[in-house]
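**Student:** protein24.pdb (PDB, C-alpha atoms and all ligand atoms) pasted underneath:
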```pdb
ATOM      1  CA  MET A 356       0.000   0.000   0.000
ATOM      2  CA  HIS A 357       2.759   2.458   0.922
ATOM      3  CA  ARG A 358       6.116   2.335  -0.747
ATOM      4  CA  ASN A 359       9.071   2.826   1.534
ATOM      5  CA  ARG A 360      11.717   5.053   0.027
ATOM      6  CA  CYS A 361      14.703   6.663   1.647
ATOM      7  CA  TRP A 362      12.561   8.678   3.971
ATOM      8  CA  LEU A 363      12.269   8.306   7.676
ATOM      9  CA  LEU A 364      10.158   5.662   9.380
ATOM     10  CA  LEU A 365      10.510   5.690  13.141
ATOM     11  CA  PRO A 366       9.268   2.771  15.228
ATOM     12  CA  ARG A 367       6.880   3.714  17.996
ATOM     13  CA  ARG A 368       9.481   3.129  20.703
ATOM     14  CA  PHE A 369      11.431   6.152  19.441
ATOM     15  CA  LEU A 370       8.667   8.521  20.521
ATOM     16  CA  HIS A 371       9.648  10.517  23.583
ATOM     17  CA  PRO A 372       8.882   8.314  26.620
ATOM     18  CA  ASP A 373       7.004  11.133  28.392
ATOM     19  CA  LEU A 374       4.599  11.584  25.507
ATOM     20  CA  VAL A 375       1.354   9.695  25.046
ATOM     21  CA  TRP A 376       1.290   7.662  21.815
ATOM     22  CA  LEU A 377      -0.135   9.810  19.020
ATOM     23  CA  GLY A 378      -2.874   7.306  18.277
ATOM     24  CA  ASP A 379      -4.264   7.907  21.764
ATOM     25  CA  VAL A 380      -4.302  11.715  21.558
ATOM     26  CA  GLN A 381      -7.403  13.721  20.703
ATOM     27  CA  PRO A 382      -6.374  16.218  17.987
ATOM     28  CA  ALA A 383      -6.836  19.919  18.777
ATOM     29  CA  ARG A 384      -8.127  20.603  15.265
ATOM     30  CA  VAL A 385      -8.485  19.239  11.750
ATOM     31  CA  ARG A 386      -7.097  21.039   8.701
ATOM     32  CA  LYS A 387      -7.395  20.191   5.054
ATOM     33  CA  LEU A 388      -4.600  20.732   2.533
ATOM     34  CA  CYS A 389      -4.750  20.113  -1.206
ATOM     35  CA  PHE A 390      -2.216  19.272  -3.870
ATOM     36  CA  SER A 391      -3.158  20.802  -7.226
ATOM     37  CA  GLU A 392      -1.643  21.771 -10.573
ATOM     38  CA  ARG A 393      -2.479  24.142 -13.425
ATOM     39  CA  PRO A 394      -0.729  25.733 -16.408
ATOM     40  CA  SER A 395       1.350  28.674 -15.154
ATOM     41  CA  ASP A 396      -0.243  30.759 -17.922
ATOM     42  CA  PRO A 397      -4.013  30.163 -17.819
ATOM     43  CA  ASN A 398      -4.271  31.191 -21.479
ATOM     44  CA  HIS A 399      -1.723  28.624 -22.653
ATOM     45  CA  SER A 400      -2.341  25.038 -21.655
ATOM     46  CA  ASP A 401       1.171  24.105 -22.814
ATOM     47  CA  SER A 402       2.872  26.597 -20.464
ATOM     48  CA  PRO A 403       4.985  25.147 -17.628
ATOM     49  CA  THR A 404       2.974  23.529 -14.840
ATOM     50  CA  ALA A 405       2.450  25.450 -11.612
ATOM     51  CA  PHE A 406       2.597  23.043  -8.665
ATOM     52  CA  MET A 407       0.701  23.998  -5.519
ATOM     53  CA  ILE A 408      -0.050  22.802  -2.035
ATOM     54  CA  THR A 409      -2.741  24.905  -0.447
ATOM     55  CA  VAL A 410      -4.626  25.100   2.815
ATOM     56  CA  ASP A 411      -8.271  24.486   1.894
ATOM     57  CA  GLY A 412     -10.068  27.827   1.663
ATOM     58  CA  GLN A 413      -6.970  29.762   0.584
ATOM     59  CA  THR A 414      -6.375  30.610  -3.076
ATOM     60  CA  PRO A 415      -4.081  28.004  -4.675
ATOM     61  CA  ALA A 416      -0.754  29.543  -5.650
ATOM     62  CA  PRO A 417       2.805  28.290  -6.042
ATOM     63  CA  TYR A 418       5.097  28.847  -3.075
ATOM     64  CA  ASP A 419       6.137  32.478  -2.687
ATOM     65  CA  PRO A 420       9.671  32.735  -1.265
ATOM     66  CA  HIS A 421       9.017  36.403  -0.459
ATOM     67  CA  ALA A 422       5.925  35.772   1.666
ATOM     68  CA  THR A 423       6.276  37.298   5.124
ATOM     69  CA  GLN A 424       3.574  35.240   6.808
ATOM     70  CA  PRO A 425       3.442  31.458   7.156
ATOM     71  CA  ASP A 426       0.671  29.495   5.480
ATOM     72  CA  ILE A 427      -0.178  27.739   8.748
ATOM     73  CA  THR A 428       0.362  28.699  12.374
ATOM     74  CA  VAL A 429       0.134  26.189  15.208
ATOM     75  CA  HIS A 430       1.125  25.973  18.856
ATOM     76  CA  GLN A 431       3.802  23.796  20.330
ATOM     77  CA  GLY A 432       2.072  21.175  22.439
ATOM     78  CA  ASP A 433      -0.794  20.608  20.020
ATOM     79  CA  VAL A 434      -1.644  17.592  17.939
ATOM     80  CA  GLU A 435      -3.603  18.092  14.707
ATOM     81  CA  ASP A 436      -5.148  15.860  12.062
ATOM     82  CA  TRP A 437      -4.458  17.025   8.515
ATOM     83  CA  VAL A 438      -6.529  15.707   5.636
ATOM     84  CA  ILE A 439      -4.325  15.974   2.550
ATOM     85  CA  GLU A 440      -6.132  15.660  -0.760
ATOM     86  CA  ASN A 441      -4.679  15.190  -4.203
ATOM     87  CA  ARG A 442      -6.741  17.111  -6.747
ATOM     88  CA  SER A 443      -4.234  16.582  -9.555
ATOM     89  CA  ARG A 444      -3.771  13.784 -12.064
ATOM     90  CA  GLU A 445      -0.379  12.654 -10.785
ATOM     91  CA  SER A 446       0.892  11.305  -7.498
ATOM     92  CA  HIS A 447       2.551  13.470  -4.878
ATOM     93  CA  ALA A 448       4.351  12.781  -1.624
ATOM     94  CA  PHE A 449       3.674  14.984   1.371
ATOM     95  CA  HIS A 450       6.891  15.658   3.268
ATOM     96  CA  MET A 451       7.231  17.623   6.492
ATOM     97  CA  HIS A 452      10.378  19.017   8.040
ATOM     98  CA  GLN A 453      11.062  18.740  11.777
ATOM     99  CA  VAL A 454       7.692  17.282  12.698
ATOM    100  CA  HIS A 455       6.745  13.621  12.559
ATOM    101  CA  PHE A 456       3.332  12.190  12.026
ATOM    102  CA  MET A 457       1.366   9.009  12.282
ATOM    103  CA  LEU A 458      -0.881   7.966   9.420
ATOM    104  CA  THR A 459      -4.423   7.579  10.778
ATOM    105  CA  LYS A 460      -6.374   7.169   7.530
ATOM    106  CA  TRP A 461      -5.574   6.101   4.008
ATOM    107  CA  GLN A 462      -8.267   7.069   1.486
ATOM    108  CA  GLY A 463     -10.599   7.715   4.415
ATOM    109  CA  VAL A 464     -10.107   4.209   5.836
ATOM    110  CA  PRO A 465      -8.611   4.030   9.351
ATOM    111  CA  VAL A 466      -5.171   2.440   9.596
ATOM    112  CA  ASP A 467      -3.244   1.437  12.674
ATOM    113  CA  GLU A 468       0.449   1.998  12.072
ATOM    114  CA  PRO A 469       2.851   1.592  14.984
ATOM    115  CA  LEU A 470       5.372   4.007  13.511
ATOM    116  CA  LEU A 471       6.045   7.647  12.752
ATOM    117  CA  ARG A 472       6.660   9.109   9.319
ATOM    118  CA  ASP A 473       7.882  12.322   7.791
ATOM    119  CA  THR A 474       6.615  11.513   4.283
ATOM    120  CA  ILE A 475       3.532   9.873   2.811
ATOM    121  CA  ASP A 476       2.418   9.203  -0.771
ATOM    122  CA  VAL A 477      -0.883  10.729  -1.882
ATOM    123  CA  PRO A 478      -2.354   8.874  -4.886
ATOM    124  CA  TYR A 479      -3.389  10.743  -8.023
ATOM    125  CA  TRP A 480      -6.973  11.673  -8.876
ATOM    126  CA  ASP A 481      -8.366   9.830 -11.897
ATOM    127  CA  GLY A 482     -10.453  12.817 -12.989
ATOM    128  CA  LYS A 483     -13.693  10.878 -12.500
ATOM    129  CA  ARG A 484     -14.301   9.875  -8.900
ATOM    130  CA  PRO A 485     -16.378  12.425  -6.986
ATOM    131  CA  ASP A 486     -14.031  12.527  -3.996
ATOM    132  CA  TYR A 487     -10.326  13.202  -4.208
ATOM    133  CA  PRO A 488      -7.733  10.671  -2.990
ATOM    134  CA  SER A 489      -6.584  11.590   0.498
ATOM    135  CA  VAL A 490      -4.410  10.648   3.437
ATOM    136  CA  THR A 491      -4.833  11.767   7.041
ATOM    137  CA  PRO A 492      -1.659  12.185   9.069
ATOM    138  CA  ARG A 493      -1.802  13.074  12.759
ATOM    139  CA  MET A 494       0.767  15.842  13.160
ATOM    140  CA  ASP A 495       2.747  15.947  16.390
ATOM    141  CA  PHE A 496       3.742  19.436  17.557
ATOM    142  CA  ARG A 497       4.474  18.389  21.140
ATOM    143  CA  ASP A 498       8.263  18.381  20.975
ATOM    144  CA  PRO A 499       9.380  21.533  22.837
ATOM    145  CA  ASN A 500      12.469  21.730  20.604
ATOM    146  CA  GLU A 501      10.338  22.125  17.479
ATOM    147  CA  VAL A 502       9.349  25.783  17.812
ATOM    148  CA  GLY A 503      10.026  27.929  14.736
ATOM    149  CA  THR A 504       9.162  28.100  11.055
ATOM    150  CA  PHE A 505       9.475  25.003   8.899
ATOM    151  CA  VAL A 506       8.458  23.929   5.429
ATOM    152  CA  TYR A 507       6.334  21.139   4.061
ATOM    153  CA  HIS A 508       6.448  20.199   0.408
ATOM    154  CA  CYS A 509       6.026  17.530  -2.214
ATOM    155  CA  HIS A 510       8.950  15.141  -1.929
ATOM    156  CA  LEU A 511       9.318  15.034  -5.735
ATOM    157  CA  LEU A 512      11.954  17.693  -6.316
ATOM    158  CA  GLU A 513      10.591  18.870  -9.647
ATOM    159  CA  HIS A 514       7.227  19.539  -8.007
ATOM    160  CA  LYS A 515       8.741  21.242  -4.983
ATOM    161  CA  ASP A 516      10.857  23.460  -7.208
ATOM    162  CA  GLY A 517       7.730  24.216  -9.264
ATOM    163  CA  GLY A 518       6.030  25.690  -6.198
ATOM    164  CA  MET A 519       4.582  22.747  -4.252
ATOM    165  CA  MET A 520       5.744  23.977  -0.862
ATOM    166  CA  GLY A 521       4.329  25.864   2.118
ATOM    167  CA  THR A 522       5.452  27.153   5.499
ATOM    168  CA  ILE A 523       4.276  26.461   9.001
ATOM    169  CA  ARG A 524       5.136  28.426  12.115
ATOM    170  CA  VAL A 525       5.093  26.578  15.430
ATOM    171  CA  LEU A 526       4.550  29.164  18.162
ATOM    172  CA  PRO A 527       5.521  28.685  21.787
ATOM    173  CA  LYS A 528       2.791  27.209  23.932
ATOM    174  CA  GLY A 529       0.350  29.799  25.291
ATOM    175  CA  SER A 530       1.176  32.528  22.748
ATOM    176  CA  LEU A 531      -1.446  34.221  20.554
ATOM    177  CA  PRO A 532      -4.131  31.981  19.033
ATOM    178  CA  ALA A 533      -3.250  29.776  16.085
ATOM    179  CA  ARG A 534      -5.014  30.338  12.790
TER     180      ARG A 534
HETATM  181 CU    CU B 601       4.386  16.237  -6.253
END
```
As a first step, turn the structure in this file into structure tokens.
Ligand SMILES: [Cu+2]
**Tutor:**
Amino acid sequence: MHRNRCWLLLPRRFLHPDLVWLGDVQPARVRKLCFSERPSDPNHSDSPTAFMITVDGQTPAPYDPHATQPDITVHQGDVEDWVIENRSRESHAFHMHQVHFMLTKWQGVPVDEPLLRDTIDVPYWDGKRPDYPSVTPRMDFRDPNEVGTFVYHCHLLEHKDGGMMGTIRVLPKGSLPAR
């Protein structure tokens, strides 16, 4: 079901011993993110492809290296479920820096994996089915050393370089509300 590449798979025993196993934590919130693609010039279908990963509700756009605000803000100490959809006709691989996650659902079906990941494949959309292919990782922001701004992106370098990347800021616990 999931191909193992050179990315990180951590057995459950590597989770910090003071932390409750992610599968037993109630997430603070659920977010949806979407992979999508379009011609970079809307008037020319043969123009280079723009690759995008977007928080649902925001306007899809390739990564802007000059953006001053992160795409997502969370608090250290929280755990969140992210539903990641693929609305494009090719596969992508969601990859997160710094933070590890546990896969809780594959295509909406619960899974019980005793390990942590930093990357997960998201199958392509066939252009027909009414719902988009999706995965649901449970993101772990509890590590007190993981405060700061990090990136997430498609693990396929051509896609990442084409704009399929976003930023997340992990704020110290108790600071202003996340959005
Ligand atoms: Cu990709």
**Student:** Take CA of Arg386 in chain A and CA of Trp437 in chain A and report the distance between them in Å, one decimal.
**Tutor:**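 CA of Trp437 in chain A lies 4.8 Å from CA of Arg386 in chain A.
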**Student:** Please provide the set of residues having any atom within 9 Å of range 391-406 of chain A, restricted to only C-alpha atoms, with same-chain residues fewer than 2 positions apart removed, written as a PDB file with C-alpha atoms, in the frame of the given file.
**Tutor:**
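To be explicit, this is the file written out as around_5.pdb:
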```pdb
ATOM      1  CA  CYS A 389      -4.750  20.113  -1.206  1.00  0.00           C
ATOM      2  CA  ILE A 408      -0.050  22.802  -2.035  1.00  0.00           C
ATOM      3  CA  THR A 409      -2.741  24.905  -0.447  1.00  0.00           C
ATOM      4  CA  PRO A 415      -4.081  28.004  -4.675  1.00  0.00           C
ATOM      5  CA  ALA A 416      -0.754  29.543  -5.650  1.00  0.00           C
ATOM      6  CA  PRO A 417       2.805  28.290  -6.042  1.00  0.00           C
ATOM      7  CA  TYR A 418       5.097  28.847  -3.075  1.00  0.00           C
ATOM      8  CA  GLU A 440      -6.132  15.660  -0.760  1.00  0.00           C
ATOM      9  CA  ASN A 441      -4.679  15.190  -4.203  1.00  0.00           C
ATOM     10  CA  ARG A 442      -6.741  17.111  -6.747  1.00  0.00           C
ATOM     11  CA  SER A 443      -4.234  16.582  -9.555  1.00  0.00           C
ATOM     12  CA  ARG A 444      -3.771  13.784 -12.064  1.00  0.00           C
ATOM     13  CA  HIS A 514       7.227  19.539  -8.007  1.00  0.00           C
ATOM     14  CA  LYS A 515       8.741  21.242  -4.983  1.00  0.00           C
ATOM     15  CA  ASP A 516      10.857  23.460  -7.208  1.00  0.00           C
ATOM     16  CA  GLY A 517       7.730  24.216  -9.264  1.00  0.00           C
ATOM     17  CA  GLY A 518       6.030  25.690  -6.198  1.00  0.00           C
ATOM     18  CA  MET A 519       4.582  22.747  -4.252  1.00  0.00           C
ATOM     19  CA  MET A 520       5.744  23.977  -0.862  1.00  0.00           C
TER      20      MET A 520
END
```
**Student:** Which residues are close to Ile427 in chain A, i.e. within 8 Å by only C-alpha atoms, leaving aside same-chain residues fewer than 4 positions away? Reply as a PDB file with C-alpha atoms, in the frame of the given file.
**Tutor:**
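This went into result-v2.pdb:
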```pdb
ATOM      1  CA  VAL A 410      -4.626  25.100   2.815  1.00  0.00           C
ATOM      2  CA  THR A 522       5.452  27.153   5.499  1.00  0.00           C
ATOM      3  CA  ILE A 523       4.276  26.461   9.001  1.00  0.00           C
ATOM      4  CA  ARG A 524       5.136  28.426  12.115  1.00  0.00           C
ATOM      5  CA  ARG A 534      -5.014  30.338  12.790  1.00  0.00           C
TER       6      ARG A 534
END
```
**Student:** If you count only C-alpha atoms and all ligand atoms, which residues end up within 6 Å of ligand CU 601 (chain B), as a ChimeraX atom specification?
**Tutor:** /A:447-448,509,511,514
**Student:** Work out how far CA of Leu388 in chain A is from CA of Arg472 in chain A, in Å to one decimal.
**Tutor:**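 Going from CA of Arg472 in chain A over to CA of Leu388 in chain A covers 17.5 Å.
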**Student:** Using Å and a single decimal, report how far CA of Val438 in chain A sits from CA of Val490 in chain A.
**Tutor:** 5.9 Å
**Student:** Given the file shown, enumerate the residues that the PyMOL selection byres (((chain A and resi 457) around 10) and not hetatm) captures and present them as a list in words.
**Tutor:**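 Applied to this file, the PyMOL selection byres (((chain A and resi 457) around 10) and not hetatm) returns Leu364, Leu365, Arg367, Trp376, Leu377, Gly378, Asp436, His455, Phe456, Leu458, Thr459, Lys460, Val466, Asp467, Glu468, Pro469, Leu470, Leu471, Arg472, Asp473, Thr474, Ile475, Thr491, Pro492, Arg493, Met494 and Asp495 of chain A.
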**Student:** Find, counting all atoms listed in the file, the residue in A:Lys483, A:His452, A:His508, A:Arg497 that gets nearest to Lys528 in chain A.
**Tutor:**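 That would be A:Arg497, the residue with the smallest distance to Lys528 in chain A.
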**Student:** Run the PyMOL selection byres (((chain A and resi 433) around 6) and not hetatm) mentally over the shown coordinates, then write out the matched residues as a PyMOL selection string, using the chain letters and numbers from the document.
**Tutor:** chain A and resi 430-432+434+496-497
**Student:** Which residues match the PyMOL selection byres (((chain A and resi 382) around 6) and not hetatm) in the file above, as JSON, numbers by chain?
**Tutor:** {"A": [381, 383, 384, 434, 435]}
**Student:** Determine the axis-aligned bounding box of all atoms of range 437-451 of chain A present in the file, pad each side by 8 Å, and express its centre and edge lengths in Å to one decimal place as JSON.
**Tutor:**
```
{"center_x": 0.2, "center_y": 14.5, "center_z": -1.8, "size_x": 30.0, "size_y": 22.3, "size_z": 36.6}
```
**Student:** Hey, which of A:Gly529, A:Gly521, A:Gly503, A:Pro485 ends up closest to Phe449 in chain A? Count only C-alpha atoms.
**Tutor:**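 Looking at the shortest contact to Phe449 in chain A, the residue is A:Gly521.
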**Student:** Which residue gives the smallest distance to Asp426 in chain A among A:Tyr507, A:Pro478, A:Ser489, A:Val454, with all atoms listed in the file counted?
**Tutor:**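 Closest candidate: A:Tyr507.
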